[in-house]
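A short worksheet on the structure shown next.
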Amino acid sequence: MESRIWRHHLPLFVVSFATVAALFSTRPYRDVISRASFATAYPALALMVATLLVGPWNLLRRRPNPVSSDLRRDLGIWAGILGVLHAAVGQFVHLRGRPWLYYVYGSTEHHHGLRHDLFGLANYTGALGVLLLAALFATSNDLSLKRFGTRKWKQLQRWNYALFALVAIHSVAFQVVEKQTEPWVMMVAFCIALALIIQVAGIMRRIASVVGRI
């Protein structure tokens with residue numbers, strides 16, 4: 001564990017802190033909440049995408065791909081920390097003091113009941129995503145691996161793909177809702193495309209290995 005702290009957690013902490021601090025200090029928003037929400041969103045997305053790259057990258061390099069990778073788990077831990085922080089702060093960005101209106105229409109709006117607009121889609125996928133992220137975050141440890149067993153633990157961790165889908169929809173929807181500038185739209189597009197390309201490449205490499213052994 002001590003070696004993981006020096007090799008993974010300390011560098012991830014430094015990079016995460018520096019990135020969040022840089023984004024927080026350079027945003028033109030007037031209030032702290034909006035800055036904090038923005039500053040945690042993009043690093044959390046990047047770290048989550050990084051967790052999806054470790055396995056396929058090992059396959060492409062023809063290296064062993066263990067069931068539980070320390071690097072993948074530690075990336076997931078920091079993605080979880082920033083993701084949960086972003087979700088907590090994000091509930092107060094658009095509708096101060098009325099976070100329920102993220103999910104239902106207000107009494108003065110034309111519609112009633114659950115939100116079914118783009119803003120609602122962004123919020124529902126974000127809420128489901130953070131619940132799933134919290135579950136994965138809580139089980140990214142050796143104790144959970146021993147308790148569930150290799151097969152069940154791996155099945156649980158595969159929900160990371162569903163998390164990626166939810167986060168991708170959430171991210172794209174908020175790019176539109178907030179009318180983000182082109183650099184940030186391109187960053188989201190790059191992260192999503194990179195994850196998909198490397199995953200597909202890893203799958204193709206695995207198929208080729210299986211076929212080669214037949």
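So you can find residues: chains in the structure tokens are A, B, ... in the order shown, residues in each start at 1, and ligands are numbered from 1 in order.
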
Counting only C-alpha atoms, which residues of stretch 142-175 of chain A sit at most 12 Å from some atom of stretch 78-87 of chain A, and what is each one's closest atom pair with its distance in Å to one decimal, listed by chain and rising residue number, as a Markdown table?
| residue | atom | partner | partner_atom | distance |
| --- | --- | --- | --- | --- |
| A:Asn160 | CA | A:Gly80 | CA | 11.3 |
| A:Leu163 | CA | A:Gly80 | CA | 11.2 |
| A:Phe164 | CA | A:Ala79 | CA | 11.6 |
| A:Val167 | CA | A:Gly83 | CA | 9.9 |
| A:His170 | CA | A:Ala87 | CA | 11.4 |

Write the residues of the selection above to a file with N, CA and C atoms, as a short mmCIF file (atom, residue, chain, number, x, y, z; two decimals), in the first residue's frame.
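What ended up in out.cif:
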data_model
loop_
_atom_site.label_atom_id
_atom_site.label_comp_id
_atom_site.auth_asym_id
_atom_site.auth_seq_id
_atom_site.Cartn_x
_atom_site.Cartn_y
_atom_site.Cartn_z
N ASN A 160 -18.62 0.05 -14.98
CA ASN A 160 -17.88 1.24 -15.38
C ASN A 160 -18.22 1.66 -16.80
N LEU A 163 -21.39 3.52 -16.56
CA LEU A 163 -21.04 4.83 -16.00
C LEU A 163 -20.49 5.74 -17.09
N PHE A 164 -19.63 5.21 -17.93
CA PHE A 164 -19.07 6.01 -19.02
C PHE A 164 -20.17 6.52 -19.94
N VAL A 167 -22.05 9.34 -18.13
CA VAL A 167 -21.22 10.54 -18.02
C VAL A 167 -21.05 11.20 -19.40
N HIS A 170 -24.29 13.02 -20.08
CA HIS A 170 -24.33 14.16 -19.16
C HIS A 170 -23.42 15.28 -19.65
#

Sorted by chain and rising residue number, which residues of stretch 57-167 of chain A lie within 9 Å of stretch 177-199 of chain A, and what are their closest atom pairs and distances in Å to one decimal, counting only C-alpha atoms, as a tab-separated table?
residue	atom	partner	partner_atom	distance
A:Trp57	CA	A:Ile198	CA	7.3
A:Leu60	CA	A:Ile198	CA	8.9
A:Leu118	CA	A:Val177	CA	7.2
A:Phe119	CA	A:Val177	CA	6.5
A:Ala122	CA	A:Val177	CA	8.5
A:Phe164	CA	A:Ile192	CA	8.6

In terms of the shortest atom-to-atom distance over only C-alpha atoms, which of A:Thr139, A:Pro64, A:Ala134, A:Ala44 is closest to A:Ala168?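 Closest residue, counting only C-alpha atoms: A:Ala44.
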
Atomic distance atom CA of A:Gly129 - atom CA of A:Leu166, expressed in Å with one decimal: 5.6 Å

Run DSSP on the backbone and grab whatever in stretch 49-211 of chain A lands in helix (DSSP H, G or I); send it over as a ChimeraX atom specification. /A:49-60,70-90,99-102,118-138,142-157,160-177,182-211
